[in-house]
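Peer 1: Sharing coords-v4.cif below, mmCIF, C-alpha atoms:
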```
data_final
#
loop_
_atom_site.label_atom_id
_atom_site.label_comp_id
_atom_site.auth_asym_id
_atom_site.auth_seq_id
_atom_site.Cartn_x
_atom_site.Cartn_y
_atom_site.Cartn_z
CA MET K 9 -0.66 5.00 -11.27
CA GLU K 10 -1.83 8.18 -13.01
CA LEU K 11 -4.31 10.31 -11.08
CA LYS K 12 -6.10 13.48 -12.15
CA PHE K 13 -4.87 15.59 -9.25
CA PRO K 14 -1.64 15.87 -7.29
CA VAL K 15 -1.65 13.72 -4.17
CA ILE K 16 -0.79 14.54 -0.56
CA LEU K 17 -0.31 11.95 2.15
CA ALA K 18 -1.45 13.54 5.41
CA SER K 19 0.44 11.13 7.66
CA GLN K 20 3.80 11.14 9.39
CA SER K 21 4.12 7.35 9.21
CA PRO K 22 7.21 6.46 7.14
CA ARG K 23 5.68 3.02 6.61
CA ARG K 24 2.63 4.42 4.82
CA ALA K 25 4.86 6.54 2.60
CA ASP K 26 7.02 3.50 1.78
CA ILE K 27 4.00 1.39 0.78
CA LEU K 28 2.65 4.10 -1.51
CA LYS K 29 6.06 4.78 -3.08
CA LYS K 30 6.66 1.08 -3.68
CA SER K 31 3.38 0.92 -5.56
CA GLY K 32 4.44 3.74 -7.87
CA PHE K 33 2.55 6.71 -6.42
CA ASN K 34 3.98 10.22 -6.51
CA PHE K 35 2.91 12.41 -3.61
CA LYS K 36 3.92 15.06 -1.13
CA ILE K 37 3.87 14.35 2.59
CA ILE K 38 2.24 16.87 4.89
CA PRO K 39 1.79 15.30 8.31
CA THR K 40 -0.92 16.56 10.60
CA ASN K 41 -0.42 16.76 14.32
CA ILE K 42 -3.93 16.40 15.61
CA THR K 43 -4.50 15.53 19.23
CA GLU K 44 -6.13 12.13 18.93
CA HIS K 45 -9.02 12.15 21.36
CA PRO K 46 -9.28 8.67 22.89
CA TYR K 47 -12.19 6.43 21.95
CA SER K 48 -15.11 6.83 24.34
CA ASP K 49 -18.26 5.24 22.96
CA GLY K 50 -20.13 4.49 19.75
CA SER K 51 -18.86 2.46 16.81
CA ILE K 52 -15.12 1.84 16.85
CA ASN K 53 -15.07 1.77 13.05
CA ASP K 54 -16.67 5.23 12.97
CA TYR K 55 -14.10 6.45 15.48
CA VAL K 56 -11.12 5.30 13.35
CA GLN K 57 -12.68 6.47 10.11
CA ASN K 58 -13.38 9.89 11.62
CA LEU K 59 -9.76 10.20 12.69
CA ALA K 60 -8.65 9.39 9.13
CA ILE K 61 -11.03 12.02 7.75
CA GLU K 62 -9.98 14.60 10.35
CA LYS K 63 -6.29 14.19 9.48
CA ALA K 64 -6.98 14.66 5.76
CA GLN K 65 -9.29 17.62 6.24
CA ILE K 66 -6.76 19.69 8.16
CA VAL K 67 -4.44 19.53 5.13
CA ALA K 68 -7.23 19.70 2.56
CA SER K 69 -8.31 23.18 3.53
CA ASN K 70 -4.96 24.54 2.29
CA TYR K 71 -4.83 22.35 -0.84
CA PRO K 72 -8.34 22.34 -2.32
CA ASN K 73 -7.18 21.00 -5.71
CA HIS K 74 -5.12 18.12 -4.25
CA LEU K 75 -6.29 14.63 -3.42
CA ILE K 76 -5.54 14.17 0.27
CA ILE K 77 -5.04 10.77 1.89
CA GLY K 78 -5.54 10.43 5.63
CA ALA K 79 -5.13 7.22 7.64
CA ASP K 80 -5.27 5.80 11.11
CA THR K 81 -4.45 2.33 12.43
CA ILE K 82 -5.56 0.70 15.67
CA VAL K 83 -4.98 -2.67 17.30
CA MET K 84 -7.81 -4.38 19.18
CA ILE K 85 -7.85 -7.33 21.53
CA ASN K 86 -10.67 -8.49 23.81
CA GLY K 87 -12.73 -5.49 22.77
CA GLN K 88 -10.03 -3.06 23.94
CA ILE K 89 -8.04 -0.66 21.77
CA LEU K 90 -4.27 -0.83 22.10
CA GLY K 91 -2.92 2.56 21.05
CA LYS K 92 0.69 3.69 20.86
CA PRO K 93 2.47 2.81 24.11
CA CYS K 94 3.69 5.81 26.08
CA ASP K 95 6.74 4.06 27.56
CA GLU K 96 8.67 0.76 27.71
CA ASP K 97 6.51 -0.63 30.50
CA GLU K 98 3.31 -0.09 28.58
CA GLY K 99 4.89 -1.52 25.41
CA GLN K 100 5.95 -4.64 27.31
CA LYS K 101 2.46 -5.12 28.75
CA MET K 102 0.90 -4.79 25.31
CA LEU K 103 3.18 -7.47 23.83
CA GLN K 104 2.45 -9.77 26.77
CA THR K 105 -1.25 -9.30 26.07
CA LEU K 106 -0.78 -10.18 22.39
CA SER K 107 1.42 -13.26 23.00
CA GLY K 108 -0.17 -16.54 21.89
CA LYS K 109 -3.43 -14.88 20.79
CA TRP K 110 -5.34 -13.46 17.84
CA HIS K 111 -5.96 -9.72 17.61
CA LYS K 112 -7.45 -7.35 15.05
CA VAL K 113 -5.75 -4.56 13.18
CA LYS K 114 -8.02 -1.93 11.67
CA THR K 115 -6.72 0.71 9.30
CA ALA K 116 -9.06 3.44 8.15
CA PHE K 117 -8.08 5.66 5.26
CA SER K 118 -9.80 8.67 3.79
CA LEU K 119 -9.83 10.44 0.45
CA VAL K 120 -10.62 14.14 0.51
CA HIS K 121 -10.79 16.48 -2.50
CA VAL K 122 -12.25 19.86 -1.63
CA ASP K 123 -12.73 21.18 -5.17
CA SER K 124 -15.01 18.32 -6.12
CA ASN K 125 -16.57 18.14 -2.67
CA PHE K 126 -15.37 14.54 -2.25
CA LYS K 127 -14.90 13.11 1.24
CA GLN K 128 -14.95 9.36 1.82
CA SER K 129 -13.44 6.96 4.31
CA TYR K 130 -12.94 3.21 4.24
CA ILE K 131 -11.84 0.61 6.74
CA GLU K 132 -9.95 -2.64 6.37
CA GLU K 133 -9.55 -5.31 9.04
CA THR K 134 -6.88 -7.99 9.35
CA LEU K 135 -6.66 -10.74 11.96
CA VAL K 136 -3.16 -11.34 13.32
CA HIS K 137 -1.91 -14.23 15.45
CA PHE K 138 1.17 -14.07 17.68
CA ARG K 139 3.04 -17.22 18.66
CA GLU K 140 3.87 -17.52 22.36
CA ILE K 141 6.70 -15.05 22.87
CA SER K 142 9.04 -15.22 25.85
CA VAL K 143 9.78 -12.42 28.30
CA ASP K 144 13.35 -12.34 26.90
CA GLU K 145 12.03 -11.83 23.37
CA ILE K 146 9.69 -9.07 24.52
CA GLN K 147 12.40 -7.29 26.50
CA SER K 148 14.90 -7.49 23.69
CA TYR K 149 12.33 -6.06 21.25
CA ILE K 150 11.38 -3.25 23.62
CA LYS K 151 15.05 -2.38 24.18
CA SER K 152 15.52 -2.05 20.40
CA GLY K 153 13.09 0.89 20.51
CA SER K 154 11.05 -0.41 17.55
CA TYR K 155 7.90 -0.50 19.69
CA LYS K 156 7.70 3.29 19.76
CA ASP K 157 5.02 5.11 17.83
CA LYS K 158 3.33 1.84 16.85
CA ALA K 159 -0.21 0.85 17.74
CA GLY K 160 0.00 -2.36 19.79
CA ALA K 161 3.76 -1.79 20.34
CA TYR K 162 4.97 -3.82 17.33
CA GLY K 163 5.73 -3.40 13.64
CA ILE K 164 5.01 -6.53 11.63
CA GLN K 165 7.66 -5.51 9.11
CA ASP K 166 10.52 -5.08 11.60
CA THR K 167 12.30 -7.40 14.02
CA SER K 168 8.98 -8.46 15.50
CA ALA K 169 8.16 -10.19 12.19
CA SER K 170 8.87 -13.52 13.85
CA PHE K 171 6.22 -12.90 16.56
CA VAL K 172 3.48 -13.28 13.95
CA ASP K 173 2.83 -16.82 12.81
CA SER K 174 -0.40 -16.24 10.89
CA ILE K 175 -2.63 -13.53 9.53
CA GLU K 176 -6.02 -13.46 7.83
CA GLY K 177 -6.47 -10.55 5.46
CA CYS K 178 -4.23 -7.86 4.03
CA PHE K 179 -0.64 -7.80 5.31
CA TYR K 180 0.01 -4.17 4.37
CA ASN K 181 -3.07 -3.18 6.35
CA VAL K 182 -1.14 -4.34 9.42
CA VAL K 183 1.91 -2.35 8.34
CA GLY K 184 -0.43 0.68 8.19
CA PHE K 185 -1.96 0.99 4.74
CA PRO K 186 -4.15 -1.49 2.79
CA ILE K 187 -2.62 -0.70 -0.59
CA SER K 188 -4.55 -3.31 -2.57
CA ARG K 189 -7.94 -2.06 -1.34
CA PHE K 190 -6.79 1.53 -1.89
CA ILE K 191 -6.00 0.84 -5.56
CA LYS K 192 -9.31 -0.98 -6.08
CA ILE K 193 -11.13 2.06 -4.69
CA LEU K 194 -9.08 4.55 -6.72
CA LYS K 195 -9.84 2.67 -9.93
CA LEU K 196 -13.55 3.13 -9.30
CA SER K 197 -13.16 6.76 -8.23
CA PRO K 198 -13.44 9.96 -10.29
CA PHE K 199 -9.69 10.55 -9.67
CA TYR K 200 -8.38 7.72 -11.84
CA ASN K 201 -7.18 8.57 -15.33
CA MET B 28 18.90 -16.00 19.20
CA GLU B 29 21.79 -17.98 20.63
CA LEU B 30 22.42 -21.39 19.07
CA LYS B 31 24.93 -24.08 20.02
CA PHE B 32 26.59 -24.24 16.61
CA PRO B 33 27.47 -21.73 13.91
CA VAL B 34 24.77 -21.43 11.28
CA ILE B 35 24.97 -21.55 7.49
CA LEU B 36 22.14 -20.55 5.19
CA ALA B 37 22.42 -22.73 2.07
CA SER B 38 20.34 -20.43 -0.13
CA GLN B 39 21.10 -17.68 -2.60
CA SER B 40 17.81 -15.88 -1.90
CA PRO B 41 18.57 -12.41 -0.52
CA ARG B 42 15.02 -12.37 0.89
CA ARG B 43 15.67 -15.39 3.12
CA ALA B 44 18.91 -13.84 4.37
CA ASP B 45 17.08 -10.57 5.13
CA ILE B 46 14.37 -12.31 7.15
CA LEU B 47 16.90 -14.24 9.22
CA LYS B 48 19.08 -11.15 9.80
CA LYS B 49 16.07 -9.07 10.81
CA SER B 50 15.23 -11.68 13.44
CA GLY B 51 18.69 -11.45 14.94
CA PHE B 52 20.40 -14.54 13.55
CA ASN B 53 24.09 -14.58 12.74
CA PHE B 54 25.03 -16.87 9.87
CA LYS B 55 27.20 -17.38 6.82
CA ILE B 56 25.66 -17.75 3.39
CA ILE B 57 26.85 -20.57 1.17
CA PRO B 58 24.44 -20.91 -1.73
CA THR B 59 24.11 -24.22 -3.50
CA ASN B 60 23.58 -24.45 -7.21
CA ILE B 61 21.73 -27.69 -7.54
CA THR B 62 19.91 -28.46 -10.76
CA GLU B 63 16.32 -28.58 -9.54
CA HIS B 64 14.74 -31.62 -11.18
CA PRO B 65 11.13 -30.76 -12.02
CA TYR B 66 8.33 -32.37 -10.08
CA SER B 67 7.12 -35.57 -11.75
CA ASP B 68 4.92 -37.60 -9.40
CA GLY B 69 4.34 -38.48 -5.76
CA SER B 70 3.65 -36.06 -2.92
CA ILE B 71 4.37 -32.43 -3.76
CA ASN B 72 5.22 -31.75 -0.12
CA ASP B 73 7.81 -34.54 -0.22
CA TYR B 74 9.22 -33.07 -3.42
CA VAL B 75 9.71 -29.58 -1.91
CA GLN B 76 11.00 -30.92 1.40
CA ASN B 77 13.50 -33.13 -0.44
CA LEU B 78 14.77 -30.13 -2.38
CA ALA B 79 15.27 -28.24 0.90
CA ILE B 80 17.17 -31.20 2.36
CA GLU B 81 19.25 -31.66 -0.77
CA LYS B 82 20.36 -28.02 -0.77
CA ALA B 83 21.43 -28.21 2.88
CA GLN B 84 23.21 -31.54 2.51
CA ILE B 85 25.52 -30.35 -0.25
CA VAL B 86 26.89 -27.71 2.11
CA ALA B 87 26.67 -29.89 5.22
CA SER B 88 29.24 -32.39 3.98
CA ASN B 89 31.92 -29.66 4.17
CA TYR B 90 30.72 -28.18 7.47
CA PRO B 91 29.87 -31.12 9.73
CA ASN B 92 29.85 -29.01 12.93
CA HIS B 93 27.59 -26.25 11.49
CA LEU B 94 23.83 -26.10 11.53
CA ILE B 95 22.79 -25.85 7.89
CA ILE B 96 19.49 -24.35 6.76
CA GLY B 97 18.14 -25.28 3.32
CA ALA B 98 14.89 -23.99 1.83
CA ASP B 99 12.72 -24.12 -1.24
CA THR B 100 9.54 -22.24 -2.15
CA ILE B 101 6.90 -23.14 -4.73
CA VAL B 102 3.66 -21.56 -5.88
CA MET B 103 0.68 -23.76 -6.73
CA ILE B 104 -2.56 -23.03 -8.49
CA ASN B 105 -5.13 -25.51 -9.83
CA GLY B 106 -2.88 -28.38 -8.80
CA GLN B 107 -0.02 -27.07 -10.97
CA ILE B 108 3.35 -25.83 -9.75
CA LEU B 109 4.42 -22.39 -10.94
CA GLY B 110 8.21 -22.32 -10.79
CA LYS B 111 10.52 -19.45 -11.66
CA PRO B 112 9.56 -18.00 -15.06
CA CYS B 113 12.23 -18.40 -17.72
CA ASP B 114 11.36 -15.18 -19.57
CA GLU B 115 8.98 -12.18 -19.66
CA ASP B 116 6.31 -14.06 -21.59
CA GLU B 117 6.15 -16.86 -19.08
CA GLY B 118 6.16 -14.35 -16.21
CA GLN B 119 3.24 -12.49 -17.77
CA LYS B 120 1.25 -15.71 -18.21
CA MET B 121 1.85 -16.69 -14.60
CA LEU B 122 0.55 -13.34 -13.31
CA GLN B 123 -2.50 -13.59 -15.58
CA THR B 124 -3.18 -17.03 -14.10
CA LEU B 125 -2.93 -15.66 -10.55
CA SER B 126 -5.11 -12.57 -11.17
CA GLY B 127 -8.37 -12.57 -9.18
CA LYS B 128 -7.73 -15.99 -7.63
CA TRP B 129 -6.40 -17.80 -4.57
CA HIS B 130 -3.16 -19.76 -4.81
CA LYS B 131 -0.91 -21.64 -2.39
CA VAL B 132 2.66 -20.86 -1.45
CA LYS B 133 4.62 -23.70 0.12
CA THR B 134 8.02 -23.16 1.65
CA ALA B 135 9.97 -26.14 2.89
CA PHE B 136 13.00 -25.67 5.06
CA SER B 137 15.49 -28.15 6.40
CA LEU B 138 17.89 -28.32 9.32
CA VAL B 139 20.96 -30.49 8.87
CA HIS B 140 23.73 -31.05 11.41
CA VAL B 141 26.10 -33.82 10.39
CA ASP B 142 27.98 -34.21 13.69
CA SER B 143 24.80 -35.00 15.61
CA ASN B 144 23.30 -36.92 12.70
CA PHE B 145 20.34 -34.49 12.58
CA LYS B 146 18.38 -34.09 9.36
CA GLN B 147 14.82 -32.78 9.41
CA SER B 148 12.58 -30.89 7.04
CA TYR B 149 9.36 -28.95 7.59
CA ILE B 150 6.79 -27.36 5.35
CA GLU B 151 4.57 -24.31 5.78
CA GLU B 152 1.67 -23.36 3.54
CA THR B 153 0.06 -19.95 3.03
CA LEU B 154 -2.98 -19.10 0.93
CA VAL B 155 -2.65 -15.91 -1.12
CA HIS B 156 -5.34 -14.00 -2.99
CA PHE B 157 -4.67 -11.63 -5.88
CA ARG B 158 -7.11 -8.86 -6.75
CA GLU B 159 -7.98 -8.58 -10.46
CA ILE B 160 -4.88 -7.06 -12.01
CA SER B 161 -4.95 -5.34 -15.40
CA VAL B 162 -2.74 -6.16 -18.38
CA ASP B 163 -1.09 -2.75 -17.91
CA GLU B 164 -0.25 -3.54 -14.30
CA ILE B 165 1.17 -6.92 -15.28
CA GLN B 166 3.26 -5.48 -18.10
CA SER B 167 4.61 -2.68 -15.97
CA TYR B 168 5.61 -5.17 -13.25
CA ILE B 169 7.24 -7.52 -15.75
CA LYS B 170 9.19 -4.61 -17.31
CA SER B 171 10.54 -3.69 -13.86
CA GLY B 172 12.35 -7.06 -13.86
CA SER B 173 11.19 -7.92 -10.33
CA TYR B 174 9.51 -11.09 -11.59
CA LYS B 175 12.86 -12.76 -12.23
CA ASP B 176 14.04 -15.60 -10.03
CA LYS B 177 10.73 -15.69 -8.16
CA ALA B 178 8.39 -18.66 -8.00
CA GLY B 179 5.07 -17.55 -9.51
CA ALA B 180 6.74 -14.46 -11.02
CA TYR B 181 6.04 -12.10 -8.11
CA GLY B 182 7.58 -10.96 -4.83
CA ILE B 183 4.94 -10.09 -2.21
CA GLN B 184 7.40 -7.65 -0.59
CA ASP B 185 8.18 -5.64 -3.73
CA THR B 186 6.10 -3.50 -6.12
CA SER B 187 3.64 -6.36 -6.57
CA ALA B 188 2.58 -5.90 -2.92
CA SER B 189 -0.60 -4.23 -4.14
CA PHE B 190 -1.59 -7.31 -6.20
CA VAL B 191 -2.25 -9.23 -2.97
CA ASP B 192 -5.43 -8.28 -1.17
CA SER B 193 -5.56 -11.11 1.33
CA ILE B 194 -3.54 -13.97 2.74
CA GLU B 195 -4.25 -16.78 5.17
CA GLY B 196 -1.20 -17.94 7.07
CA CYS B 197 2.36 -16.73 7.48
CA PHE B 198 3.36 -13.69 5.39
CA TYR B 199 7.11 -14.37 5.56
CA ASN B 200 6.46 -17.86 4.25
CA VAL B 201 5.34 -16.17 1.03
CA VAL B 202 8.46 -13.99 1.01
CA GLY B 203 10.45 -17.25 1.23
CA PHE B 204 11.00 -18.21 4.84
CA PRO B 205 8.47 -18.93 7.63
CA ILE B 206 10.52 -17.31 10.38
CA SER B 207 7.95 -17.72 13.14
CA ARG B 208 7.62 -21.48 12.58
CA PHE B 209 11.40 -21.74 12.26
CA ILE B 210 11.92 -20.16 15.69
CA LYS B 211 9.24 -22.35 17.26
CA ILE B 212 11.05 -25.43 15.90
CA LEU B 213 14.49 -24.21 16.95
CA LYS B 214 13.30 -23.64 20.51
CA LEU B 215 12.28 -27.30 20.72
CA SER B 216 15.46 -28.52 19.01
CA PRO B 217 18.75 -29.67 20.55
CA PHE B 218 20.43 -26.60 18.99
CA TYR B 219 18.84 -23.96 21.18
CA ASN B 220 20.85 -22.62 24.10
#
```
Now that the file is in, can you turn its structure into structure tokens?

Peer 2:
Amino acid sequence: MELKFPVILASQSPRRADILKKSGFNFKIIPTNITEHPYSDGSINDYVQNLAIEKAQIVASNYPNHLIIGADTIVMINGQILGKPCDEDEGQKMLQTLSGKWHKVKTAFSLVHVDSNFKQSYIEETLVHFREISVDEIQSYIKSGSYKDKAGAYGIQDTSASFVDSIEGCFYNVVGFPISRFIKILKLSPFYN
Amino acid sequence: MELKFPVILASQSPRRADILKKSGFNFKIIPTNITEHPYSDGSINDYVQNLAIEKAQIVASNYPNHLIIGADTIVMINGQILGKPCDEDEGQKMLQTLSGKWHKVKTAFSLVHVDSNFKQSYIEETLVHFREISVDEIQSYIKSGSYKDKAGAYGIQDTSASFVDSIEGCFYNVVGFPISRFIKILKLSPFYN
């Protein structure tokens, strides 16, 4: 896809980079290490969208003529946010919570272009259902280490693929980037050639 | 996952093998080259399930103590089956038909174990929605060659990922194998340790 400005992905997620590459985008990666302040109150959508904007803006200040993409993904169940687990125990508890139930995955992404004073964010939601998973399955997944650095302690594209028996919405949103929505938005944006 | 008998996947689809490997299965691959008779009348589900059984049975006769997995995937839109396109033109027409609409993906899989006289087939259906895709996008995808050997002329896991903006049901069913359902069935089967 041809865009008017060079693109930077302001995210350290290899999954987001893979999705964008697979769809034919050329871009640089400049991850931002912001300290994600935990959600306290107000709209959860605003919270995630603000994080996506914040990540892009840190990079944008140094690259005013680049189109910067920021993103953030959260998992929600029973009104609670499941972030990235800090250790095996927390990862295991998260997977036990998800077993046999529906949850929501929200990915916000932002587009920031300083030179044209453009700053927008968007949010996409997918419902995900886990089959009943056994303690053995959970432990074996946790031991593999794949739970690390993943909101909700699983990656739908890795060995936990079989935990998910149904989704409603965009699959790649659950992986971490709603590529179809992103392209629809780009096509309507001033950045599309 | 530990099973009582060695497993054979009777399919030449590298995507099915990948899904099973990712979920921790050990198996041999022995593809079957049956001439798939086109659907004529009767239940479409029966037709796909019979194909899955047929593929497994050809291998099963030589490996009576192995658990054989057969599978077949079809794409349906407006009551018509979209098979594997025979050339670029047909691939392009299929993608134009899918653009901006919902379609169904049905994957049937079978389990055959001759020594215990076990022969069952199952079917899983997923609804898939394509965003409006442009002629340029279709042509560029067709030129990449990824459309080949794929029912409906696309692979949801490859560069056409961005064509799909929503699904309802199992994602891996669309890739070619409903791994979550498969594991649920295995756990209730006589083959599970």

Peer 1: Using all atoms listed in the file for the distances, tell me which of B:Ala188, B:Leu215, B:Leu94, B:Val162 is nearest to chain K.

Peer 2: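 Among the listed residues, the smallest separation from chain K belongs to B:Ala188.
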
Peer 1: Could you check how far CA of Ser70 in chain B sits from CA of Ser137 in chain B, in Å to one decimal?

Peer 2: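 Value for the CA of Ser70 in chain B-CA of Ser137 in chain B distance: 17.0 Å.
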
Peer 1: Within 10 Å of chain K, which residues of chain B show up when using only C-alpha atoms, listed as a PyMOL selection string?

Peer 2: chain B and resi 28+46-51+153-160+164+183-200+205-211

Peer 1: Which residues fall under the PyMOL selection byres ((chain K and resi 146-161) around 7) in this file, as a list in words?

Peer 2: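 So the PyMOL selection byres ((chain K and resi 146-161) around 7), applied here, picks out Thr81, Ile82, Val83, Leu90, Gly91, Lys92, Pro93, Glu96, Gly99, Gln100, Met102, Leu103, Ile141, Ser142, Val143, Asp144, Glu145, Tyr162 and Gly163 of chain K.
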
Peer 1: For CA of Phe13 in chain K and CA of Ile37 in chain K, quote the distance in Å rounded to one decimal.

Peer 2: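 Taking CA of Phe13 in chain K and CA of Ile37 in chain K, their separation equals 14.8 Å.
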
Peer 1: Around range 161-169 of chain K, with edges along x, y and z and 4 Å added on all six sides, what centre and edge lengths do you get, in Å to one decimal, as AutoDock Vina command-line options?

Peer 2:
```
--center_x 8.0 --center_y -6.0 --center_z 14.7 --size_x 16.5 --size_y 16.4 --size_z 19.2
```

Peer 1: Between CA of Lys146 in chain B and CA of His93 in chain B, measure the distance and give it in Å to one decimal.

Peer 2: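 We find that CA of Lys146 in chain B and CA of His93 in chain B lie 12.3 Å from each other.
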
Peer 1: Please tell me which residues are no farther than 7 Å from (24.6, -31.6, 12.4) in the file, counting only C-alpha atoms, and write them as a ChimeraX atom specification.

Peer 2: /B:91-94,139-145

Peer 1: For the selection just defined, write its residues with C-alpha atoms to a file, as a PDB file, keeping the file's coordinate frame.

Peer 2:
```
ATOM      1  CA  PRO B  91      29.870 -31.120   9.730  1.00  0.00           C
ATOM      2  CA  ASN B  92      29.850 -29.010  12.930  1.00  0.00           C
ATOM      3  CA  HIS B  93      27.590 -26.250  11.490  1.00  0.00           C
ATOM      4  CA  LEU B  94      23.830 -26.100  11.530  1.00  0.00           C
ATOM      5  CA  VAL B 139      20.960 -30.490   8.870  1.00  0.00           C
ATOM      6  CA  HIS B 140      23.730 -31.050  11.410  1.00  0.00           C
ATOM      7  CA  VAL B 141      26.100 -33.820  10.390  1.00  0.00           C
ATOM      8  CA  ASP B 142      27.980 -34.210  13.690  1.00  0.00           C
ATOM      9  CA  SER B 143      24.800 -35.000  15.610  1.00  0.00           C
ATOM     10  CA  ASN B 144      23.300 -36.920  12.700  1.00  0.00           C
ATOM     11  CA  PHE B 145      20.340 -34.490  12.580  1.00  0.00           C
TER      12      PHE B 145
END
```

Peer 1: Once the PyMOL selection byres ((chain B and resi 99) around 7) has been evaluated on this model, what residues remain selected, and can you format them as a PyMOL selection string?

Peer 2: chain B and resi 75+78-79+98+100-101+134-136

Peer 1: Identify which of the residues B:His64, B:His130, B:Arg43, B:Lys214 lies closest to Val202 in chain B, counting only C-alpha atoms when measuring atom-to-atom distances.

Peer 2: B:Arg43

Peer 1: Using only C-alpha atoms, which protein or nucleic acid residues come within 9 Å of range 18-21 of chain K? Drop anything in the same chain fewer than 3 positions from it, and give the result as a list in words.

Peer 2: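 That gives Arg24, Ala25, Asp26, Lys36, Ile37, Ile38, Pro39, Thr40, Asn41, Lys63, Ala64, Gln65, Ile66, Val67, Ala68, Ile76, Ile77, Gly78, Ala79, Asp80, Asp157 and Gly184 of chain K.
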
Peer 1: Calculated over all atoms listed in the file, which of the candidates K:Ile61, K:Leu17, K:Ile52, K:Cys94 has the smallest distance to Lys114 in chain K?

Peer 2: K:Ile52

Peer 1: Ranking K:Leu106, K:Ile85, K:Leu119, K:Val182 by minimum distance to Glu132 in chain K and counting all atoms listed in the file, which one comes first?

Peer 2: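 Checking each candidate against Glu132 in chain K, we get K:Val182 as the closest.
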
Peer 1: Of the candidates B:Phe218, B:Trp129, B:Phe204, B:Tyr149, which one gets nearest to Asn105 in chain B if we count all atoms listed in the file?

Peer 2: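 Residue with the minimum atom-to-atom distance to Asn105 in chain B: B:Trp129.
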